[in-house]
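Peer 1: Got query22.pdb for you, PDB, C-alpha atoms:
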```pdb
ATOM      1  CA  GLN L 715      10.690 -44.794  18.486
ATOM      2  CA  LEU L 716       7.794 -44.059  20.848
ATOM      3  CA  PRO L 717       4.230 -43.679  19.522
ATOM      4  CA  GLN L 718       3.542 -40.107  18.434
ATOM      5  CA  THR L 719      -0.266 -40.198  18.094
ATOM      6  CA  ILE L 720      -3.335 -42.081  19.307
ATOM      7  CA  ASP L 721      -3.384 -43.856  15.930
ATOM      8  CA  ASP L 722       0.175 -45.102  16.534
ATOM      9  CA  ILE L 723      -0.894 -46.567  19.884
ATOM     10  CA  SER L 724      -3.955 -48.211  18.297
ATOM     11  CA  VAL L 725      -1.910 -49.777  15.486
ATOM     12  CA  SER L 726       0.687 -51.053  17.978
ATOM     13  CA  TRP L 727      -2.061 -52.662  20.108
ATOM     14  CA  ILE L 728      -3.701 -54.284  17.055
ATOM     15  CA  GLU L 729      -0.340 -55.701  15.861
ATOM     16  CA  ARG L 730       0.471 -57.143  19.294
ATOM     17  CA  GLU L 731      -2.967 -58.721  19.644
ATOM     18  CA  ALA L 732      -2.794 -60.199  16.130
ATOM     19  CA  ILE L 733       0.592 -61.785  16.901
ATOM     20  CA  SER L 734      -0.404 -63.222  20.292
ATOM     21  CA  ALA L 735      -3.672 -64.640  18.869
ATOM     22  CA  ALA L 736      -2.007 -66.290  15.871
ATOM     23  CA  ASP L 737      -1.686 -70.062  15.502
ATOM     24  CA  VAL L 738       1.717 -69.620  13.838
ATOM     25  CA  VAL L 739       4.068 -66.648  13.629
ATOM     26  CA  TRP L 740       6.458 -66.516  10.675
ATOM     27  CA  ALA L 741       9.489 -64.352  11.477
ATOM     28  CA  PRO L 742      12.004 -63.677   8.684
ATOM     29  CA  SER L 743      14.925 -63.668  11.158
ATOM     30  CA  LYS L 744      15.841 -64.727  14.690
ATOM     31  CA  PHE L 745      16.582 -61.077  15.380
ATOM     32  CA  ILE L 746      12.991 -60.030  14.659
ATOM     33  CA  ALA L 747      11.534 -62.858  16.768
ATOM     34  CA  THR L 748      13.832 -61.958  19.670
ATOM     35  CA  SER L 749      12.994 -58.258  19.303
ATOM     36  CA  LEU L 750       9.279 -59.007  19.642
ATOM     37  CA  LEU L 751       9.934 -60.858  22.910
ATOM     38  CA  SER L 752      12.129 -58.051  24.255
ATOM     39  CA  GLU L 753       9.310 -55.587  23.505
ATOM     40  CA  GLY L 754       6.924 -57.638  25.624
ATOM     41  CA  VAL L 755       4.944 -59.137  22.738
ATOM     42  CA  GLU L 756       3.345 -62.462  23.706
ATOM     43  CA  LEU L 757       4.263 -65.024  21.050
ATOM     44  CA  PRO L 758       2.367 -68.255  20.375
ATOM     45  CA  GLU L 759       4.108 -71.587  20.901
ATOM     46  CA  ASN L 760       4.624 -72.107  17.168
ATOM     47  CA  VAL L 761       7.172 -69.545  15.925
ATOM     48  CA  VAL L 762       8.860 -70.327  12.613
ATOM     49  CA  VAL L 763      12.022 -68.467  11.547
ATOM     50  CA  LEU L 764      12.029 -68.533   7.770
ATOM     51  CA  LYS L 765      13.699 -66.027   5.466
ATOM     52  CA  ASN L 766      11.593 -63.940   3.111
ATOM     53  CA  ALA L 767      11.438 -65.102  -0.487
ATOM     54  CA  PRO L 768      14.338 -63.430  -2.310
ATOM     55  CA  PRO L 769      13.512 -61.197  -5.266
ATOM     56  CA  THR L 770      13.985 -62.708  -8.716
ATOM     57  CA  LEU L 771      17.213 -61.002  -9.743
ATOM     58  CA  GLU L 772      19.197 -63.828 -11.307
ATOM     59  CA  HIS L 773      19.018 -62.365 -14.840
ATOM     60  CA  ILE L 774      20.404 -59.044 -13.593
ATOM     61  CA  SER L 775      23.002 -60.799 -11.449
ATOM     62  CA  ASN L 776      24.363 -62.866 -14.336
ATOM     63  CA  LYS L 777      24.646 -59.773 -16.541
ATOM     64  CA  HIS L 778      26.629 -57.854 -13.914
ATOM     65  CA  ARG L 779      28.837 -60.782 -12.923
ATOM     66  CA  GLU L 780      29.779 -61.309 -16.569
ATOM     67  CA  LEU L 781      30.659 -57.623 -16.921
ATOM     68  CA  TYR L 782      32.573 -57.129 -13.669
ATOM     69  CA  GLY L 783      34.006 -60.621 -13.221
ATOM     70  CA  ARG L 784      36.425 -59.905 -16.084
ATOM     71  CA  ARG L 785      37.477 -56.633 -14.476
ATOM     72  CA  ILE L 786      38.577 -58.142 -11.176
ATOM     73  CA  GLU L 787      40.606 -60.828 -12.942
ATOM     74  CA  LYS L 788      42.715 -58.093 -14.557
ATOM     75  CA  SER L 789      42.779 -55.842 -11.497
ATOM     76  CA  THR L 790      46.055 -55.193  -9.675
ATOM     77  CA  SER L 791      44.775 -52.615  -7.183
ATOM     78  CA  VAL L 792      41.407 -53.721  -5.833
ATOM     79  CA  ILE L 793      40.023 -50.549  -4.213
ATOM     80  CA  ASN L 794      40.203 -46.908  -5.252
ATOM     81  CA  GLU L 795      36.833 -45.732  -3.903
ATOM     82  CA  ILE L 796      34.838 -46.071  -0.674
ATOM     83  CA  VAL L 797      31.073 -46.008  -1.253
ATOM     84  CA  PHE L 798      28.469 -45.481   1.462
ATOM     85  CA  PHE L 799      25.401 -47.460   0.339
ATOM     86  CA  GLY L 800      22.023 -46.494   1.798
ATOM     87  CA  ARG L 801      19.681 -43.581   2.403
ATOM     88  CA  LEU L 802      21.329 -40.511   3.872
ATOM     89  CA  GLU L 803      19.802 -40.596   7.347
ATOM     90  CA  MET L 804      21.060 -41.029  10.898
ATOM     91  CA  ARG L 805      20.177 -44.698  11.406
ATOM     92  CA  LYS L 806      21.971 -45.737   8.206
ATOM     93  CA  GLY L 807      25.254 -44.545   9.723
ATOM     94  CA  PRO L 808      26.750 -41.859   7.425
ATOM     95  CA  LEU L 809      28.188 -39.997  10.420
ATOM     96  CA  LEU L 810      29.730 -43.231  11.728
ATOM     97  CA  LEU L 811      31.530 -43.622   8.404
ATOM     98  CA  ILE L 812      32.801 -40.031   8.578
ATOM     99  CA  GLU L 813      34.167 -40.586  12.109
ATOM    100  CA  ALA L 814      35.883 -43.788  10.959
ATOM    101  CA  LEU L 815      37.408 -42.020   7.940
ATOM    102  CA  GLU L 816      38.695 -39.322  10.301
ATOM    103  CA  GLN L 817      40.505 -41.943  12.383
ATOM    104  CA  LEU L 818      41.804 -43.752   9.317
ATOM    105  CA  SER L 819      43.127 -40.509   7.805
ATOM    106  CA  LYS L 820      44.915 -39.552  11.026
ATOM    107  CA  LYS L 821      46.814 -42.850  11.184
ATOM    108  CA  HIS L 822      47.228 -43.564   7.458
ATOM    109  CA  ARG L 823      47.121 -40.250   5.629
ATOM    110  CA  SER L 824      48.973 -41.560   2.567
ATOM    111  CA  MET L 825      46.494 -44.431   2.181
ATOM    112  CA  MET L 826      43.545 -42.034   1.860
ATOM    113  CA  LYS L 827      45.297 -39.640  -0.522
ATOM    114  CA  HIS L 828      44.105 -41.429  -3.657
ATOM    115  CA  ILE L 829      40.793 -42.814  -2.352
ATOM    116  CA  LYS L 830      37.533 -41.270  -3.543
ATOM    117  CA  VAL L 831      34.556 -41.254  -1.143
ATOM    118  CA  SER L 832      30.999 -41.464  -2.520
ATOM    119  CA  PHE L 833      27.567 -41.524  -0.909
ATOM    120  CA  LEU L 834      25.135 -43.642  -2.929
ATOM    121  CA  GLY L 835      21.573 -43.158  -1.723
ATOM    122  CA  ARG L 836      18.616 -40.840  -1.522
ATOM    123  CA  ASP L 837      18.993 -37.615   0.461
ATOM    124  CA  THR L 838      16.695 -36.984   3.463
ATOM    125  CA  PRO L 839      16.228 -34.074   5.901
ATOM    126  CA  VAL L 840      18.382 -33.974   9.039
ATOM    127  CA  ASP L 841      15.542 -32.333  10.987
ATOM    128  CA  GLU L 842      12.916 -29.623  10.480
ATOM    129  CA  TRP L 843      15.618 -26.929  10.360
ATOM    130  CA  ASN L 844      18.116 -28.761   8.124
ATOM    131  CA  PRO L 845      16.550 -30.026   4.885
ATOM    132  CA  SER L 846      19.502 -32.045   3.555
ATOM    133  CA  TYR L 847      21.757 -34.731   5.030
ATOM    134  CA  LYS L 848      23.902 -34.393   1.919
ATOM    135  CA  GLU L 849      24.774 -30.815   2.844
ATOM    136  CA  LYS L 850      25.533 -31.792   6.448
ATOM    137  CA  ILE L 851      27.923 -34.498   5.238
ATOM    138  CA  ARG L 852      29.559 -32.076   2.802
ATOM    139  CA  GLN L 853      30.091 -29.556   5.603
ATOM    140  CA  ASP L 854      31.499 -32.245   7.924
ATOM    141  CA  PHE L 855      34.117 -33.096   5.285
ATOM    142  CA  LEU L 856      34.979 -29.439   4.602
ATOM    143  CA  SER L 857      35.357 -28.666   8.312
ATOM    144  CA  SER L 858      37.632 -31.649   8.939
ATOM    145  CA  THR L 859      41.393 -31.115   8.811
ATOM    146  CA  ASN L 860      41.872 -34.714   7.718
ATOM    147  CA  LEU L 861      39.035 -34.999   5.190
ATOM    148  CA  LYS L 862      38.634 -31.566   3.591
ATOM    149  CA  ASN L 863      40.737 -32.502   0.554
ATOM    150  CA  VAL L 864      39.051 -35.867  -0.064
ATOM    151  CA  ASN L 865      37.466 -36.347  -3.488
ATOM    152  CA  LEU L 866      33.808 -36.432  -2.378
ATOM    153  CA  SER L 867      30.723 -37.177  -4.484
ATOM    154  CA  PHE L 868      26.990 -37.770  -3.963
ATOM    155  CA  LEU L 869      25.001 -40.182  -6.124
ATOM    156  CA  ASP L 870      21.463 -39.461  -4.968
ATOM    157  CA  ASN L 871      19.598 -39.769  -8.269
ATOM    158  CA  PHE L 872      20.537 -43.313  -9.376
ATOM    159  CA  ASP L 873      17.846 -45.821 -10.270
ATOM    160  CA  ARG L 874      18.199 -49.453  -9.197
ATOM    161  CA  ASP L 875      20.091 -50.637 -12.275
ATOM    162  CA  GLN L 876      22.548 -47.749 -12.029
ATOM    163  CA  ALA L 877      23.108 -48.426  -8.329
ATOM    164  CA  ILE L 878      23.699 -52.143  -8.946
ATOM    165  CA  SER L 879      26.176 -51.353 -11.715
ATOM    166  CA  TYR L 880      27.997 -48.984  -9.403
ATOM    167  CA  ILE L 881      28.339 -51.342  -6.434
ATOM    168  CA  SER L 882      29.338 -54.256  -8.683
ATOM    169  CA  ASP L 883      32.650 -52.691  -9.700
ATOM    170  CA  PRO L 884      35.372 -54.537  -7.703
ATOM    171  CA  HIS L 885      37.467 -51.365  -7.435
ATOM    172  CA  ARG L 886      34.831 -49.940  -5.086
ATOM    173  CA  LEU L 887      34.522 -50.882  -1.401
ATOM    174  CA  ILE L 888      30.848 -50.721  -0.453
ATOM    175  CA  VAL L 889      30.177 -49.729   3.171
ATOM    176  CA  ILE L 890      26.842 -50.325   4.944
ATOM    177  CA  PRO L 891      27.417 -48.831   8.427
ATOM    178  CA  SER L 892      23.836 -48.968   9.750
ATOM    179  CA  LEU L 893      23.233 -48.341  13.449
ATOM    180  CA  THR L 894      19.997 -50.346  13.414
ATOM    181  CA  GLU L 895      18.529 -52.697  10.796
ATOM    182  CA  ASN L 896      16.264 -55.657  10.171
ATOM    183  CA  LEU L 897      17.174 -57.418   6.900
ATOM    184  CA  PRO L 898      18.386 -54.617   4.609
ATOM    185  CA  GLY L 899      18.064 -54.859   0.846
ATOM    186  CA  THR L 900      21.442 -53.147   0.498
ATOM    187  CA  VAL L 901      23.163 -56.183   2.032
ATOM    188  CA  TYR L 902      21.145 -58.632  -0.083
ATOM    189  CA  GLU L 903      22.006 -56.742  -3.281
ATOM    190  CA  SER L 904      25.684 -56.456  -2.307
ATOM    191  CA  ILE L 905      25.921 -60.233  -1.911
ATOM    192  CA  GLU L 906      23.779 -61.021  -4.943
ATOM    193  CA  PHE L 907      25.796 -58.832  -7.305
ATOM    194  CA  GLY L 908      29.246 -59.746  -6.002
ATOM    195  CA  ALA L 909      30.058 -56.377  -4.437
ATOM    196  CA  ASN L 910      33.209 -55.988  -2.382
ATOM    197  CA  PHE L 911      31.437 -54.836   0.785
ATOM    198  CA  ILE L 912      31.510 -54.535   4.559
ATOM    199  CA  ALA L 913      28.503 -54.050   6.831
ATOM    200  CA  ALA L 914      27.713 -53.306  10.462
ATOM    201  CA  ASP L 915      26.916 -56.342  12.587
ATOM    202  CA  VAL L 916      23.465 -55.160  13.696
ATOM    203  CA  GLY L 917      19.926 -56.529  13.520
ATOM    204  CA  GLY L 918      19.505 -59.512  11.231
ATOM    205  CA  ILE L 919      22.450 -58.740   8.940
ATOM    206  CA  LYS L 920      24.630 -61.581  10.240
ATOM    207  CA  GLU L 921      21.810 -64.051   9.484
ATOM    208  CA  MET L 922      21.951 -63.001   5.822
ATOM    209  CA  ILE L 923      25.636 -63.916   5.409
ATOM    210  CA  HIS L 924      27.305 -67.317   5.093
ATOM    211  CA  ALA L 925      28.863 -68.228   8.453
ATOM    212  CA  ASP L 926      32.326 -68.708   6.906
ATOM    213  CA  ASP L 927      32.257 -65.192   5.419
ATOM    214  CA  ALA L 928      30.862 -63.159   8.326
ATOM    215  CA  ASP L 929      34.173 -62.252  10.017
ATOM    216  CA  ARG L 930      35.598 -60.930   6.746
ATOM    217  CA  CYS L 931      32.825 -58.448   6.079
ATOM    218  CA  LEU L 932      31.172 -57.526   9.388
ATOM    219  CA  PHE L 933      32.199 -54.946  11.983
ATOM    220  CA  LYS L 934      30.753 -53.577  15.213
ATOM    221  CA  PRO L 935      29.186 -50.131  14.625
ATOM    222  CA  LEU L 936      31.946 -48.146  16.332
ATOM    223  CA  PRO L 937      34.307 -45.614  14.658
ATOM    224  CA  LEU L 938      37.538 -47.402  15.622
ATOM    225  CA  THR L 939      36.214 -50.831  14.640
ATOM    226  CA  LEU L 940      35.063 -49.534  11.264
ATOM    227  CA  ALA L 941      38.354 -47.680  10.723
ATOM    228  CA  THR L 942      40.224 -50.931  11.401
ATOM    229  CA  LYS L 943      38.030 -52.852   8.940
ATOM    230  CA  LEU L 944      38.512 -50.141   6.291
ATOM    231  CA  TYR L 945      42.291 -50.398   6.723
ATOM    232  CA  GLU L 946      42.137 -54.189   6.356
ATOM    233  CA  LYS L 947      40.107 -53.961   3.157
ATOM    234  CA  LEU L 948      42.195 -51.176   1.610
ATOM    235  CA  SER L 949      45.326 -53.242   2.350
ATOM    236  CA  GLU L 950      43.841 -56.430   0.921
ATOM    237  CA  LYS L 951      45.725 -57.978  -1.979
ATOM    238  CA  HIS L 952      43.935 -58.983  -5.138
ATOM    239  CA  GLU L 953      44.627 -62.690  -4.614
ATOM    240  CA  ASP L 954      43.150 -62.556  -1.075
ATOM    241  CA  TYR L 955      39.788 -61.177  -2.178
ATOM    242  CA  LYS L 956      36.795 -63.519  -1.915
ATOM    243  CA  GLU L 957      33.156 -62.762  -2.617
ATOM    244  CA  VAL L 958      30.719 -62.940   0.293
ATOM    245  CA  ARG L 959      28.002 -65.580  -0.038
ATOM    246  CA  HIS L 960      24.360 -65.702   1.040
ATOM    247  CA  ALA L 961      23.638 -67.690   4.212
ATOM    248  CA  GLU L 962      21.217 -69.768   2.155
ATOM    249  CA  THR L 963      20.627 -70.108  -1.560
ATOM    250  CA  SER L 964      17.477 -68.621  -3.056
ATOM    251  CA  THR L 965      16.470 -72.122  -4.191
ATOM    252  CA  SER L 966      16.623 -73.535  -0.648
ATOM    253  CA  ILE L 967      14.692 -70.556   0.786
ATOM    254  CA  ARG L 968      11.917 -70.957  -1.779
ATOM    255  CA  SER L 969      11.773 -74.703  -1.113
ATOM    256  CA  ASP L 970      11.472 -74.092   2.645
ATOM    257  CA  ILE L 971       8.648 -71.568   2.089
ATOM    258  CA  ILE L 972       6.722 -74.007  -0.119
ATOM    259  CA  ALA L 973       7.174 -76.781   2.463
ATOM    260  CA  PHE L 974       5.974 -74.431   5.232
ATOM    261  CA  HIS L 975       2.806 -73.521   3.320
ATOM    262  CA  LYS L 976       2.065 -77.188   2.615
ATOM    263  CA  GLN L 977       2.464 -77.934   6.326
ATOM    264  CA  ILE L 978      -0.025 -75.309   7.520
ATOM    265  CA  HIS L 979      -2.712 -75.953   4.875
TER     266      HIS L 979
END
```
The structure in this file should be written as structure tokens.

Peer 2:
Amino acid sequence: QLPQTIDDISVSWIEREAISAADVVWAPSKFIATSLLSEGVELPENVVVLKNAPPTLEHISNKHRELYGRRIEKSTSVINEIVFFGRLEMRKGPLLLIEALEQLSKKHRSMMKHIKVSFLGRDTPVDEWNPSYKEKIRQDFLSSTNLKNVNLSFLDNFDRDQAISYISDPHRLIVIPSLTENLPGTVYESIEFGANFIAADVGGIKEMIHADDADRCLFKPLPLTLATKLYEKLSEKHEDYKEVRHAETSTSIRSDIIAFHKQIH
């Protein structure tokens, strides 16, 4: 996005100068460091790629894993709901998901007949003339020959605990179809709480996921690619399901951060 005001230009100049004058730059992902270079920012020689300290969520994670771990052991049909997870805005990809569902419904109408579709996230305006993305999405479903009869719901008033409980249910496939991202909290929470999820391979998302798990849960942000990944996940047998892991454990990240601070002091 281009600067809109003189203040935007001033802030951009100050940020660039602060980075180029620094002794050390700490970037939380290779993607962010590379993006700075592509934007013409002059980086110092010492650039350290080190993930941000993860939030302390272990007590919540254990509670939800205990609750939902028992469910998946007894489950015969893994998925009965597709859940978009993120704010309802263009860059988070809700329209990409709708296009993919269109393609999936055309080819596999019977598969979608018993699948509920939910949008979990805060509503935002489309533009100054359209105050609600939720209403745009609703109209897109109603105007679609293939999607108008889908069981559609919007969960735009959940707090964090409610959202975590919702994504942790193994019968729900969580979809994060962002068109652009850095290191989204939605992906971190999906991994941390054992969600059955897929995400767009954009920004720093791939760096958040264990290398052995990336192919199973990532897709290019294109309608056909997402439709193919949805089909794979909806066809997945219970015994083939595996949780996605973090690229690094929270313990190792915290240890690396402590070591980094000791080094520079």

Peer 1: Would you pick out the contacts of L:Gly918 at 7 Å or less, using only C-alpha atoms, so that residues sharing its chain but fewer than 5 positions from it are not included, and give the list as a list of chain:residue names?

Peer 2: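 Residues near the query, excluding close chain neighbours: L:Ser743, L:Phe745, L:Glu895, L:Asn896, L:Leu897.
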
Peer 1: Since I can't run it myself right now, could you work out what the PyMOL selection byres ((chain L and resi 934) around 8) selects here and report it as a PyMOL selection string?

Peer 2: chain L and resi 914-916+932-933+935-936+939-940

Peer 1: Using all atoms listed in the file, which residues sit within 10 Å of L:Glu759 once same-chain residues fewer than 4 positions away are excluded, as an mmCIF file with C-alpha atoms, in the coordinates of the input?

Peer 2:
```cif
data_model
loop_
_atom_site.group_PDB
_atom_site.id
_atom_site.type_symbol
_atom_site.label_atom_id
_atom_site.label_comp_id
_atom_site.auth_asym_id
_atom_site.auth_seq_id
_atom_site.Cartn_x
_atom_site.Cartn_y
_atom_site.Cartn_z
ATOM 1 C CA SER L 734 -0.404 -63.222 20.292
ATOM 2 C CA ALA L 736 -2.007 -66.290 15.871
ATOM 3 C CA ASP L 737 -1.686 -70.062 15.502
ATOM 4 C CA VAL L 738 1.717 -69.620 13.838
ATOM 5 C CA VAL L 739 4.068 -66.648 13.629
#
```

Peer 1: Counting all atoms listed in the file, which residues have an atom no more than 12 Å from (44.9, -38.5, -2.6) in the file's coordinates? Please list them as number ranges by chain.

Peer 2: L: 794-795, 819, 822-831, 860-866

Peer 1: Taking only C-alpha atoms into account, name the residue in L:Val958, L:Glu842, L:Leu751, L:Pro891 that is nearest to L:Met804.

Peer 2: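 That would be L:Pro891, the residue with the smallest distance to L:Met804.
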
Peer 1: Can you measure atom CA of L:Gly835 to atom CA of L:Tyr847 for me? One decimal in Å is fine.

Peer 2: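 If I compute the distance from atom CA of L:Gly835 to atom CA of L:Tyr847, I get 10.8 Å.
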
Peer 1: List as a PyMOL selection string the protein and nucleic acid residues near L:Phe872, meaning an atom at most 9 Å away when all atoms listed in the file are counted, but skip any in the same chain fewer than 2 places from it.

Peer 2: chain L and resi 834-836+869-870+874-877

Peer 1: Hey, can I get the axis-aligned box for stretch 893-898 of chain L? All listed atoms, 6 Å padding on each side, centre and edge lengths in Å to one decimal, as AutoDock Vina command-line options.

Peer 2:
```
--center_x 19.7 --center_y -52.9 --center_z 9.0 --size_x 19.0 --size_y 21.1 --size_z 20.8
```

Peer 1: Counting all atoms listed in the file, which of L:Val797, L:Ile720, L:Leu815, L:Ile972 gets nearest to L:Ile890?

Peer 2: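 Using all atoms listed in the file, L:Ile890 sits closest to L:Val797.
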
Peer 1: Tell me, in Å to one decimal, how far atom CA of L:His924 is from atom CA of L:Thr900.

Peer 2: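 A separation of 16.0 Å between them.
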
Peer 1: Could you check the closest approach to L:Ile851 for each of L:Asn766, L:Thr942, L:Thr838, L:Thr963 and tell me which residue wins, using only C-alpha atoms?

Peer 2: L:Thr838

Peer 1: State, in Å with one decimal place, the distance from atom CA of L:Asp837 to atom CA of L:Asp721.

Peer 2: 27.9 Å

Peer 1: Using the chain letters and numbering of this document, enumerate as a compact mmCIF listing (two decimals) with C-alpha atoms, in the frame of the given file the residues selected by the PyMOL selection byres ((chain L and resi 882) around 6).

Peer 2:
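The result, stored in selection-v1.txt:
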```txt
# COMPACT_ATOMS: atom_id res chain seq x y z
CA SER L 879 26.18 -51.35 -11.72
CA TYR L 880 28.00 -48.98 -9.40
CA ILE L 881 28.34 -51.34 -6.43
CA ASP L 883 32.65 -52.69 -9.70
CA PHE L 907 25.80 -58.83 -7.30
CA ALA L 909 30.06 -56.38 -4.44
```

Peer 1: Counting all atoms listed in the file, which residue out of L:Phe799, L:Gly754, L:Gly917, L:Leu818 sits closest to L:Ile878?

Peer 2: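 Of the candidates, the smallest distance to L:Ile878 is held by L:Phe799.
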
Peer 1: With all atoms listed in the file as the basis for distance, which of L:Thr894, L:Leu811, L:Ser846, L:Thr748 is at the shortest distance from L:Leu944?

Peer 2: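 Closest residue, counting all atoms listed in the file: L:Leu811.
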
Peer 1: When the PyMOL selection byres ((chain L and resi 961) around 7) is applied to the file above, which residues end up in the set, as a list in words?

Peer 2: Glu921, Met922, Ile923, His924, Ala925, Arg959, His960, Glu962 and Thr963 of chain L

Peer 1: Taking 3 positions as the minimum chain separation for residues in the same chain, which residues sit within 12 Å of L:Phe974 when counting all atoms listed in the file? Answer as a list of chain:residue names.

Peer 2: L:Val738, L:Val739, L:Trp740, L:Val761, L:Val762, L:Val763, L:Leu764, L:Lys765, L:Ile967, L:Arg968, L:Ser969, L:Asp970, L:Ile971, L:Gln977, L:Ile978, L:His979
